[in-house]
Amino acid sequence: MATFDKIIINGTIVDGTRAPRFRGSLGIKDGVITEITRGELDAGDAEEVLDAKGLVVAPGFVDLHTHYDAQIQWDPYATLSGWHGVTSLVLGNCGFGFAPVAPENRDRAMLSMSRVEAIPFESMKAGMLWDWITFPEWLDTLERIPKGVNVLSYVPVGPLMIWVMGLEAAKTRSATEAEVKEMCRLLELSLDAGGCGWSVQRLGDGFMSLQRDYDGTPMVTDCMDDDLCLAFAEVLKKRGSNGHIQITQASDDIRGDMKFVEKLAEVSGCPVLYNAILANEYYPKQHRRLVDWVNECQDRGNQVWGQLLTTGNDFSFTFEDFNLLDGQDCWREVTLGTIEEKMAKMQLPKNREALRDDYDNGRMPIATGPIKEFIILEAMNPANKKYEGKRIHELEAISGKHPIDTLLDMVVEENLKTVIFTPAFNTDPGYNKELLDSEYTVPG
């Protein structure tokens, strides 16, 4: 009998331990790597031999931050992640998810995700199984369905709050003592069932709140009070610090906002994964102070880790469903509603005036960079092809009108199907090296 089912020879092995790469071979038996060597394994000891000359042999990538909660139900490979070497991923980030959700609230839960994560509502309606109600039942569904990737899930605290308090109450008041007790009980049951920790987004209701609900209001977790977060942290502490916390938190106040993130690590005794840090070429002070803060937290004995956005943060979008301008009040106003409602609002003089003022004063959306740098990628109408490849600030020279008026006239004329590109502003190699040099930052 062969020693191995399969061996891989001649590859450059990167083993994921931060050890230097080396040329070698590895042997696999019953789906498990049983030998890694710098030398050659005997081809006669395997049923199959793969020659990896000129290739890198590495573990699959782990993506700690995804929103495939819906898509994994109809796409086992989590496209595009599965195409690019991601073999393990985590669902339920930012406090967003679909469990627990009462049957009568399913459409509303999907509508929330259609804006906050731009997952098409019709895709969810057609593809989601909805054969669960509670979080443990959701994990049973994840276990059962075919998967081409390994999957873990946080317990997202947004659905938990809505389940216990109701949507309106969760957005407008603090939880009662009895409600906090019940949420903590359900959280513990969910962790017992296999949740790897809990997740939350806390972006408030200001310019940092760029990921909003279907109706333009903050998500339920955005304005939740500190006491409820700390109660959830105590659940992990009581369990012997079993699990970890993922938090997407406003970072405009290091002394306040971020001090609370560190407090979660202190109270829970668990690792806290902070989202997100990216190299901002317009404002490098931002990523530097966040990396310094993560390092200082670790020096103080609190396990705060920074999750990095190290791929280019460029987007191609249309105004049919784009939401990452939600931190700007005037843009959020004209991008809420049906396509017809959006088009009507884009033509109102008061809205145009507000958008021109926003543009003229150089206000920069957090996720996309300056609007003046957006590029018209594809125009639908032949008469507008002259704008393709042009940045927004270049439109005035062609049309003779304010860039915002030119942009919106075209977008409305094309029924919001104009394709727009936002250039990345986090690709500077030197700035990214500053992020990766920290021991306490993790790409994702």
# chains A, B, ... in the order shown; residues from 1 in each chain; ligands from 1

call {"tool": "residues_around", "arguments": {"residues": "Ser399 (chain A)", "least_positions_apart": "5", "cutoff": "12 Å", "atoms": "only C-alpha atoms", "output": "count of residues only"}}
result
14

call {"tool": "residues_around", "arguments": {"residues": "Lys385 (chain A)", "least_positions_apart": "2", "cutoff": "12 Å", "atoms": "only C-alpha atoms", "output": "number ranges by chain"}}
result
A: 376-383, 387-390, 395, 398, 410, 414, 418-419

call {"tool": "closest_residue", "arguments": {"among": "A:Thr422, A:Thr221, A:Thr34, A:Ser190", "to": "Asp140 (chain A)", "atoms": "only C-alpha atoms"}}
result
A:Ser190

call {"tool": "residues_around", "arguments": {"residues": "Asp257 (chain A)", "least_positions_apart": "5", "cutoff": "12 Å", "atoms": "only C-alpha atoms", "output": "number ranges by chain"}}
result
A: 202-204, 208, 226, 247-252, 262-264, 274, 290, 293

call {"tool": "write_last_selection", "arguments": {"atoms": "N, CA, C and O atoms", "output": "PDB file, in the first residue's frame"}}
result
ATOM      1  N   ARG A 202     -20.430  49.512  15.200  1.00  0.00           N
ATOM      2  CA  ARG A 202     -20.845  50.672  15.997  1.00  0.00           C
ATOM      3  C   ARG A 202     -20.290  51.928  15.324  1.00  0.00           C
ATOM      4  O   ARG A 202     -19.200  52.391  15.619  1.00  0.00           O
ATOM      5  N   LEU A 203     -21.058  52.467  14.395  1.00  0.00           N
ATOM      6  CA  LEU A 203     -20.613  53.634  13.626  1.00  0.00           C
ATOM      7  C   LEU A 203     -21.412  54.893  13.933  1.00  0.00           C
ATOM      8  O   LEU A 203     -21.217  55.916  13.287  1.00  0.00           O
ATOM      9  N   GLY A 204     -22.335  54.824  14.905  1.00  0.00           N
ATOM     10  CA  GLY A 204     -23.077  56.017  15.282  1.00  0.00           C
ATOM     11  C   GLY A 204     -24.045  56.469  14.200  1.00  0.00           C
ATOM     12  O   GLY A 204     -24.465  55.699  13.336  1.00  0.00           O
ATOM     13  N   MET A 208     -19.371  58.986   9.993  1.00  0.00           N
ATOM     14  CA  MET A 208     -18.737  57.669   9.980  1.00  0.00           C
ATOM     15  C   MET A 208     -19.725  56.559   9.638  1.00  0.00           C
ATOM     16  O   MET A 208     -19.336  55.440   9.330  1.00  0.00           O
ATOM     17  N   ASP A 226     -22.939  51.287  25.472  1.00  0.00           N
ATOM     18  CA  ASP A 226     -21.745  50.557  25.903  1.00  0.00           C
ATOM     19  C   ASP A 226     -22.091  49.423  26.858  1.00  0.00           C
ATOM     20  O   ASP A 226     -21.462  48.356  26.822  1.00  0.00           O
ATOM     21  N   ILE A 247     -15.268  43.791  15.817  1.00  0.00           N
ATOM     22  CA  ILE A 247     -15.969  45.065  15.943  1.00  0.00           C
ATOM     23  C   ILE A 247     -15.562  46.015  14.830  1.00  0.00           C
ATOM     24  O   ILE A 247     -14.372  46.195  14.544  1.00  0.00           O
ATOM     25  N   THR A 248     -16.563  46.563  14.179  1.00  0.00           N
ATOM     26  CA  THR A 248     -16.358  47.659  13.238  1.00  0.00           C
ATOM     27  C   THR A 248     -16.772  48.920  13.981  1.00  0.00           C
ATOM     28  O   THR A 248     -17.954  49.096  14.304  1.00  0.00           O
ATOM     29  N   GLN A 249     -15.816  49.771  14.271  1.00  0.00           N
ATOM     30  CA  GLN A 249     -16.031  50.871  15.214  1.00  0.00           C
ATOM     31  C   GLN A 249     -15.559  52.180  14.609  1.00  0.00           C
ATOM     32  O   GLN A 249     -14.512  52.229  13.960  1.00  0.00           O
ATOM     33  N   ALA A 250     -16.333  53.244  14.810  1.00  0.00           N
ATOM     34  CA  ALA A 250     -15.878  54.577  14.422  1.00  0.00           C
ATOM     35  C   ALA A 250     -14.554  54.869  15.108  1.00  0.00           C
ATOM     36  O   ALA A 250     -14.367  54.551  16.283  1.00  0.00           O
ATOM     37  N   SER A 251     -13.617  55.469  14.368  1.00  0.00           N
ATOM     38  CA  SER A 251     -12.267  55.671  14.919  1.00  0.00           C
ATOM     39  C   SER A 251     -11.845  57.135  14.867  1.00  0.00           C
ATOM     40  O   SER A 251     -10.666  57.437  14.856  1.00  0.00           O
ATOM     41  N   ASP A 252     -12.819  58.053  14.850  1.00  0.00           N
ATOM     42  CA  ASP A 252     -12.440  59.461  14.760  1.00  0.00           C
ATOM     43  C   ASP A 252     -11.949  60.001  16.093  1.00  0.00           C
ATOM     44  O   ASP A 252     -11.368  61.072  16.165  1.00  0.00           O
ATOM     45  N   GLU A 262     -10.703  48.732  23.438  1.00  0.00           N
ATOM     46  CA  GLU A 262      -9.732  48.079  24.311  1.00  0.00           C
ATOM     47  C   GLU A 262     -10.399  47.569  25.587  1.00  0.00           C
ATOM     48  O   GLU A 262     -10.042  46.510  26.112  1.00  0.00           O
ATOM     49  N   LYS A 263     -11.391  48.305  26.069  1.00  0.00           N
ATOM     50  CA  LYS A 263     -12.096  47.865  27.277  1.00  0.00           C
ATOM     51  C   LYS A 263     -12.812  46.537  27.034  1.00  0.00           C
ATOM     52  O   LYS A 263     -12.883  45.683  27.924  1.00  0.00           O
ATOM     53  N   LEU A 264     -13.339  46.345  25.819  1.00  0.00           N
ATOM     54  CA  LEU A 264     -13.977  45.074  25.494  1.00  0.00           C
ATOM     55  C   LEU A 264     -12.978  43.917  25.626  1.00  0.00           C
ATOM     56  O   LEU A 264     -13.322  42.835  26.108  1.00  0.00           O
ATOM     57  N   TYR A 274     -10.340  44.411  15.351  1.00  0.00           N
ATOM     58  CA  TYR A 274     -10.867  45.733  14.989  1.00  0.00           C
ATOM     59  C   TYR A 274     -10.848  45.912  13.473  1.00  0.00           C
ATOM     60  O   TYR A 274      -9.843  45.683  12.813  1.00  0.00           O
ATOM     61  N   LEU A 290      -3.765  54.361  14.184  1.00  0.00           N
ATOM     62  CA  LEU A 290      -4.463  53.115  14.502  1.00  0.00           C
ATOM     63  C   LEU A 290      -3.478  51.967  14.737  1.00  0.00           C
ATOM     64  O   LEU A 290      -3.659  51.165  15.655  1.00  0.00           O
ATOM     65  N   TRP A 293      -1.926  52.497  18.053  1.00  0.00           N
ATOM     66  CA  TRP A 293      -2.892  52.158  19.106  1.00  0.00           C
ATOM     67  C   TRP A 293      -2.970  50.654  19.313  1.00  0.00           C
ATOM     68  O   TRP A 293      -2.964  50.165  20.456  1.00  0.00           O
TER      69      TRP A 293
END

call {"tool": "residues_around", "arguments": {"residues": "Met343 (chain A)", "least_positions_apart": "6", "cutoff": "12 Å", "atoms": "only C-alpha atoms", "output": "PDB file with N, CA and C atoms, in the first residue's frame"}}
result
ATOM      1  N   PHE A 319     -25.608  53.783  -9.543  1.00  0.00           N
ATOM      2  CA  PHE A 319     -26.458  54.331  -8.487  1.00  0.00           C
ATOM      3  C   PHE A 319     -27.753  53.535  -8.312  1.00  0.00           C
ATOM      4  N   GLU A 320     -27.878  52.432  -9.025  1.00  0.00           N
ATOM      5  CA  GLU A 320     -29.028  51.556  -8.783  1.00  0.00           C
ATOM      6  C   GLU A 320     -29.006  51.020  -7.364  1.00  0.00           C
ATOM      7  N   GLU A 333     -29.610  61.080   0.890  1.00  0.00           N
ATOM      8  CA  GLU A 333     -30.959  61.540   0.554  1.00  0.00           C
ATOM      9  C   GLU A 333     -31.354  61.150  -0.863  1.00  0.00           C
ATOM     10  N   VAL A 334     -30.439  61.291  -1.806  1.00  0.00           N
ATOM     11  CA  VAL A 334     -30.816  61.046  -3.210  1.00  0.00           C
ATOM     12  C   VAL A 334     -30.628  59.586  -3.627  1.00  0.00           C
ATOM     13  N   THR A 335     -30.087  58.759  -2.754  1.00  0.00           N
ATOM     14  CA  THR A 335     -29.877  57.356  -3.127  1.00  0.00           C
ATOM     15  C   THR A 335     -30.759  56.403  -2.326  1.00  0.00           C
ATOM     16  N   LEU A 336     -31.752  56.924  -1.619  1.00  0.00           N
ATOM     17  CA  LEU A 336     -32.730  56.085  -0.927  1.00  0.00           C
ATOM     18  C   LEU A 336     -33.987  55.965  -1.775  1.00  0.00           C
ATOM     19  N   GLY A 337     -34.573  54.768  -1.773  1.00  0.00           N
ATOM     20  CA  GLY A 337     -35.841  54.588  -2.459  1.00  0.00           C
ATOM     21  C   GLY A 337     -35.725  53.742  -3.712  1.00  0.00           C
ATOM     22  N   ASN A 351     -31.725  69.532  -3.665  1.00  0.00           N
ATOM     23  CA  ASN A 351     -30.760  68.443  -3.544  1.00  0.00           C
ATOM     24  C   ASN A 351     -29.516  68.722  -4.370  1.00  0.00           C
ATOM     25  N   ARG A 352     -29.712  69.264  -5.571  1.00  0.00           N
ATOM     26  CA  ARG A 352     -28.559  69.608  -6.406  1.00  0.00           C
ATOM     27  C   ARG A 352     -27.682  70.654  -5.700  1.00  0.00           C
ATOM     28  N   LEU A 408     -25.137  64.010 -12.607  1.00  0.00           N
ATOM     29  CA  LEU A 408     -26.498  63.587 -12.300  1.00  0.00           C
ATOM     30  C   LEU A 408     -27.404  63.630 -13.518  1.00  0.00           C
ATOM     31  N   ASP A 409     -27.191  64.604 -14.396  1.00  0.00           N
ATOM     32  CA  ASP A 409     -27.980  64.615 -15.634  1.00  0.00           C
ATOM     33  C   ASP A 409     -27.759  63.329 -16.414  1.00  0.00           C
ATOM     34  N   MET A 410     -26.510  62.903 -16.504  1.00  0.00           N
ATOM     35  CA  MET A 410     -26.190  61.678 -17.229  1.00  0.00           C
ATOM     36  C   MET A 410     -26.768  60.462 -16.516  1.00  0.00           C
ATOM     37  N   VAL A 411     -26.603  60.394 -15.202  1.00  0.00           N
ATOM     38  CA  VAL A 411     -27.081  59.249 -14.429  1.00  0.00           C
ATOM     39  C   VAL A 411     -28.599  59.107 -14.556  1.00  0.00           C
ATOM     40  N   VAL A 412     -29.310  60.218 -14.459  1.00  0.00           N
ATOM     41  CA  VAL A 412     -30.771  60.176 -14.573  1.00  0.00           C
ATOM     42  C   VAL A 412     -31.190  59.788 -15.991  1.00  0.00           C
ATOM     43  N   GLU A 413     -30.531  60.373 -16.971  1.00  0.00           N
ATOM     44  CA  GLU A 413     -30.843  60.063 -18.367  1.00  0.00           C
ATOM     45  C   GLU A 413     -30.654  58.579 -18.666  1.00  0.00           C
ATOM     46  N   GLU A 414     -29.700  57.956 -17.978  1.00  0.00           N
ATOM     47  CA  GLU A 414     -29.386  56.555 -18.228  1.00  0.00           C
ATOM     48  C   GLU A 414     -30.011  55.608 -17.200  1.00  0.00           C
ATOM     49  N   ASN A 415     -31.046  56.085 -16.510  1.00  0.00           N
ATOM     50  CA  ASN A 415     -31.809  55.264 -15.559  1.00  0.00           C
ATOM     51  C   ASN A 415     -30.915  54.602 -14.507  1.00  0.00           C
ATOM     52  N   LEU A 416     -29.922  55.368 -14.055  1.00  0.00           N
ATOM     53  CA  LEU A 416     -29.008  54.966 -12.989  1.00  0.00           C
ATOM     54  C   LEU A 416     -28.082  53.811 -13.385  1.00  0.00           C
ATOM     55  N   LYS A 417     -27.942  53.550 -14.665  1.00  0.00           N
ATOM     56  CA  LYS A 417     -27.099  52.433 -15.124  1.00  0.00           C
ATOM     57  C   LYS A 417     -25.687  52.874 -15.513  1.00  0.00           C
TER      58      LYS A 417
END

call {"tool": "residues_around", "arguments": {"residues": "Trp163 (chain A)", "least_positions_apart": "3", "cutoff": "9 Å", "atoms": "only C-alpha atoms", "output": "list in words"}}
result
Ala99, Pro100, Val101, Ala102, Gly158, Pro159, Leu160, Gly166, Leu167 and Met183 of chain A

call {"tool": "write_last_selection", "arguments": {"atoms": "N, CA, C and O atoms", "output": "PDB file, in the first residue's frame"}}
result
ATOM      1  N   ALA A  99     -29.817  35.244  11.660  1.00  0.00           N
ATOM      2  CA  ALA A  99     -30.266  34.360  12.737  1.00  0.00           C
ATOM      3  C   ALA A  99     -29.914  34.992  14.079  1.00  0.00           C
ATOM      4  O   ALA A  99     -28.789  35.485  14.253  1.00  0.00           O
ATOM      5  N   PRO A 100     -30.859  34.976  15.030  1.00  0.00           N
ATOM      6  CA  PRO A 100     -32.225  34.481  14.840  1.00  0.00           C
ATOM      7  C   PRO A 100     -33.099  35.501  14.098  1.00  0.00           C
ATOM      8  O   PRO A 100     -32.949  36.710  14.310  1.00  0.00           O
ATOM      9  N   VAL A 101     -33.979  35.002  13.237  1.00  0.00           N
ATOM     10  CA  VAL A 101     -34.933  35.854  12.524  1.00  0.00           C
ATOM     11  C   VAL A 101     -36.274  35.134  12.489  1.00  0.00           C
ATOM     12  O   VAL A 101     -36.355  33.992  12.004  1.00  0.00           O
ATOM     13  N   ALA A 102     -37.321  35.781  12.988  1.00  0.00           N
ATOM     14  CA  ALA A 102     -38.659  35.206  12.927  1.00  0.00           C
ATOM     15  C   ALA A 102     -39.129  35.175  11.470  1.00  0.00           C
ATOM     16  O   ALA A 102     -38.780  36.061  10.679  1.00  0.00           O
ATOM     17  N   GLY A 158     -26.847  42.067  15.977  1.00  0.00           N
ATOM     18  CA  GLY A 158     -27.989  42.811  15.444  1.00  0.00           C
ATOM     19  C   GLY A 158     -29.268  41.991  15.442  1.00  0.00           C
ATOM     20  O   GLY A 158     -30.293  42.407  16.031  1.00  0.00           O
ATOM     21  N   PRO A 159     -29.286  40.816  14.796  1.00  0.00           N
ATOM     22  CA  PRO A 159     -30.489  39.988  14.830  1.00  0.00           C
ATOM     23  C   PRO A 159     -30.903  39.588  16.245  1.00  0.00           C
ATOM     24  O   PRO A 159     -32.094  39.467  16.532  1.00  0.00           O
ATOM     25  N   LEU A 160     -29.923  39.414  17.116  1.00  0.00           N
ATOM     26  CA  LEU A 160     -30.223  39.059  18.508  1.00  0.00           C
ATOM     27  C   LEU A 160     -31.012  40.188  19.182  1.00  0.00           C
ATOM     28  O   LEU A 160     -31.997  39.943  19.893  1.00  0.00           O
ATOM     29  N   GLY A 166     -37.343  43.834  19.381  1.00  0.00           N
ATOM     30  CA  GLY A 166     -38.109  44.377  18.264  1.00  0.00           C
ATOM     31  C   GLY A 166     -37.292  45.444  17.552  1.00  0.00           C
ATOM     32  O   GLY A 166     -36.462  46.120  18.174  1.00  0.00           O
ATOM     33  N   LEU A 167     -37.513  45.599  16.252  1.00  0.00           N
ATOM     34  CA  LEU A 167     -36.688  46.491  15.438  1.00  0.00           C
ATOM     35  C   LEU A 167     -36.756  47.936  15.900  1.00  0.00           C
ATOM     36  O   LEU A 167     -35.722  48.584  16.114  1.00  0.00           O
ATOM     37  N   MET A 183     -30.883  38.313  26.070  1.00  0.00           N
ATOM     38  CA  MET A 183     -29.923  38.335  24.963  1.00  0.00           C
ATOM     39  C   MET A 183     -28.645  37.588  25.339  1.00  0.00           C
ATOM     40  O   MET A 183     -28.087  36.857  24.516  1.00  0.00           O
TER      41      MET A 183
END

call {"tool": "residues_around", "arguments": {"residues": "region 79-90 of chain A", "least_positions_apart": "4", "cutoff": "7 Å", "atoms": "only C-alpha atoms", "output": "ChimeraX atom specification"}}
result
/A:60-66,75,149-153

call {"tool": "residues_around", "arguments": {"residues": "Trp198 (chain A)", "least_positions_apart": "2", "cutoff": "10 Å", "atoms": "only C-alpha atoms", "output": "NGL selection string"}}
result
:A and (92-95 or 153-157 or 187 or 190-191 or 195-196 or 200 or 232-233 or 236 or 243-247 or 272)

call {"tool": "select_by_dssp", "arguments": {"residues": "region 254-410 of chain A", "states": "alpha helix (DSSP H)", "output": "PyMOL selection string"}}
result
chain A and resi 259-268+284-299+329-334+339-346+349-360+395-399+403-410

call {"tool": "atom_distance", "arguments": {"atom1": "CA of Lys372 (chain A)", "atom2": "CA of Lys345 (chain A)"}}
result
20.9 Å

call {"tool": "closest_residue", "arguments": {"among": "A:Thr368, A:Thr172, A:Gln298, A:Lys238", "to": "Phe317 (chain A)", "atoms": "only C-alpha atoms"}}
result
A:Thr368

call {"tool": "closest_residue", "arguments": {"among": "A:Ile36, A:Phe98, A:Trp305, A:Pro146", "to": "Trp132 (chain A)", "atoms": "only C-alpha atoms"}}
result
A:Phe98

call {"tool": "decode", "arguments": {"residues": "region 269-280 of chain A", "atoms": "all heavy atoms", "output": "mmCIF file, in the first residue's frame"}}
result
data_model
loop_
_atom_site.group_PDB
_atom_site.id
_atom_site.type_symbol
_atom_site.label_atom_id
_atom_site.label_comp_id
_atom_site.auth_asym_id
_atom_site.auth_seq_id
_atom_site.Cartn_x
_atom_site.Cartn_y
_atom_site.Cartn_z
ATOM 1 N N GLY A 269 -11.459 39.317 28.209
ATOM 2 C CA GLY A 269 -10.275 38.474 28.236
ATOM 3 C C GLY A 269 -10.011 37.794 26.911
ATOM 4 O O GLY A 269 -9.209 36.855 26.842
ATOM 5 N N CYS A 270 -10.682 38.242 25.862
ATOM 6 C CA CYS A 270 -10.618 37.606 24.536
ATOM 7 C C CYS A 270 -9.911 38.509 23.537
ATOM 8 O O CYS A 270 -9.845 39.726 23.715
ATOM 9 C CB CYS A 270 -12.023 37.343 24.012
ATOM 10 S SG CYS A 270 -12.912 36.094 24.913
ATOM 11 N N PRO A 271 -9.438 37.917 22.424
ATOM 12 C CA PRO A 271 -8.968 38.749 21.318
ATOM 13 C C PRO A 271 -10.124 39.563 20.730
ATOM 14 O O PRO A 271 -11.241 39.061 20.613
ATOM 15 C CB PRO A 271 -8.455 37.725 20.295
ATOM 16 C CG PRO A 271 -8.232 36.467 21.061
ATOM 17 C CD PRO A 271 -9.251 36.483 22.166
ATOM 18 N N VAL A 272 -9.828 40.801 20.381
ATOM 19 C CA VAL A 272 -10.791 41.667 19.700
ATOM 20 C C VAL A 272 -10.195 42.046 18.351
ATOM 21 O O VAL A 272 -9.079 42.569 18.290
ATOM 22 C CB VAL A 272 -11.096 42.930 20.527
ATOM 23 C CG1 VAL A 272 -11.980 43.893 19.732
ATOM 24 C CG2 VAL A 272 -11.777 42.556 21.835
ATOM 25 N N LEU A 273 -10.927 41.757 17.289
ATOM 26 C CA LEU A 273 -10.479 42.071 15.934
ATOM 27 C C LEU A 273 -11.148 43.369 15.498
ATOM 28 O O LEU A 273 -12.368 43.417 15.329
ATOM 29 C CB LEU A 273 -10.839 40.931 14.989
ATOM 30 C CG LEU A 273 -10.362 41.060 13.543
ATOM 31 C CD1 LEU A 273 -8.840 41.105 13.466
ATOM 32 C CD2 LEU A 273 -10.903 39.915 12.699
ATOM 33 N N TYR A 274 -10.340 44.411 15.351
ATOM 34 C CA TYR A 274 -10.867 45.733 14.989
ATOM 35 C C TYR A 274 -10.848 45.912 13.473
ATOM 36 O O TYR A 274 -9.843 45.683 12.813
ATOM 37 C CB TYR A 274 -10.038 46.838 15.659
ATOM 38 C CG TYR A 274 -10.335 48.186 15.064
ATOM 39 C CD1 TYR A 274 -11.499 48.868 15.415
ATOM 40 C CD2 TYR A 274 -9.492 48.758 14.109
ATOM 41 C CE1 TYR A 274 -11.805 50.086 14.836
ATOM 42 C CE2 TYR A 274 -9.799 49.968 13.529
ATOM 43 C CZ TYR A 274 -10.952 50.629 13.891
ATOM 44 O OH TYR A 274 -11.261 51.825 13.307
ATOM 45 N N ASN A 275 -11.954 46.342 12.915
ATOM 46 C CA ASN A 275 -12.068 46.650 11.480
ATOM 47 C C ASN A 275 -12.321 48.138 11.285
ATOM 48 O O ASN A 275 -13.174 48.713 11.949
ATOM 49 C CB ASN A 275 -13.224 45.893 10.847
ATOM 50 C CG ASN A 275 -13.040 44.387 10.806
ATOM 51 O OD1 ASN A 275 -13.949 43.650 11.122
ATOM 52 N ND2 ASN A 275 -11.862 43.923 10.435
ATOM 53 N N ALA A 276 -11.682 48.674 10.330
ATOM 54 C CA ALA A 276 -10.596 48.130 9.506
ATOM 55 C C ALA A 276 -9.532 49.218 9.411
ATOM 56 O O ALA A 276 -9.805 50.394 9.618
ATOM 57 C CB ALA A 276 -11.084 47.764 8.108
ATOM 58 N N ILE A 277 -8.314 48.804 9.086
ATOM 59 C CA ILE A 277 -7.213 49.746 8.923
ATOM 60 C C ILE A 277 -6.718 49.641 7.492
ATOM 61 O O ILE A 277 -6.424 48.553 7.003
ATOM 62 C CB ILE A 277 -6.056 49.442 9.899
ATOM 63 C CG1 ILE A 277 -6.565 49.401 11.346
ATOM 64 C CG2 ILE A 277 -4.956 50.487 9.753
ATOM 65 C CD1 ILE A 277 -5.505 48.985 12.364
ATOM 66 N N LEU A 278 -6.657 50.760 6.806
ATOM 67 C CA LEU A 278 -6.115 50.788 5.455
ATOM 68 C C LEU A 278 -5.186 51.978 5.302
ATOM 69 O O LEU A 278 -5.306 52.971 6.016
ATOM 70 C CB LEU A 278 -7.216 50.834 4.402
ATOM 71 C CG LEU A 278 -7.976 52.144 4.158
ATOM 72 C CD1 LEU A 278 -8.708 52.068 2.830
ATOM 73 C CD2 LEU A 278 -8.959 52.447 5.270
ATOM 74 N N ALA A 279 -4.251 51.853 4.362
ATOM 75 C CA ALA A 279 -3.269 52.916 4.127
ATOM 76 C C ALA A 279 -3.930 54.024 3.319
ATOM 77 O O ALA A 279 -4.216 53.849 2.137
ATOM 78 C CB ALA A 279 -2.060 52.355 3.376
ATOM 79 N N ASN A 280 -4.167 55.142 3.949
ATOM 80 C CA ASN A 280 -4.887 56.248 3.321
ATOM 81 C C ASN A 280 -3.895 57.289 2.814
ATOM 82 O O ASN A 280 -3.297 58.030 3.594
ATOM 83 C CB ASN A 280 -5.855 56.868 4.335
ATOM 84 C CG ASN A 280 -6.785 57.882 3.713
ATOM 85 O OD1 ASN A 280 -6.475 58.500 2.697
ATOM 86 N ND2 ASN A 280 -7.939 58.054 4.324
#
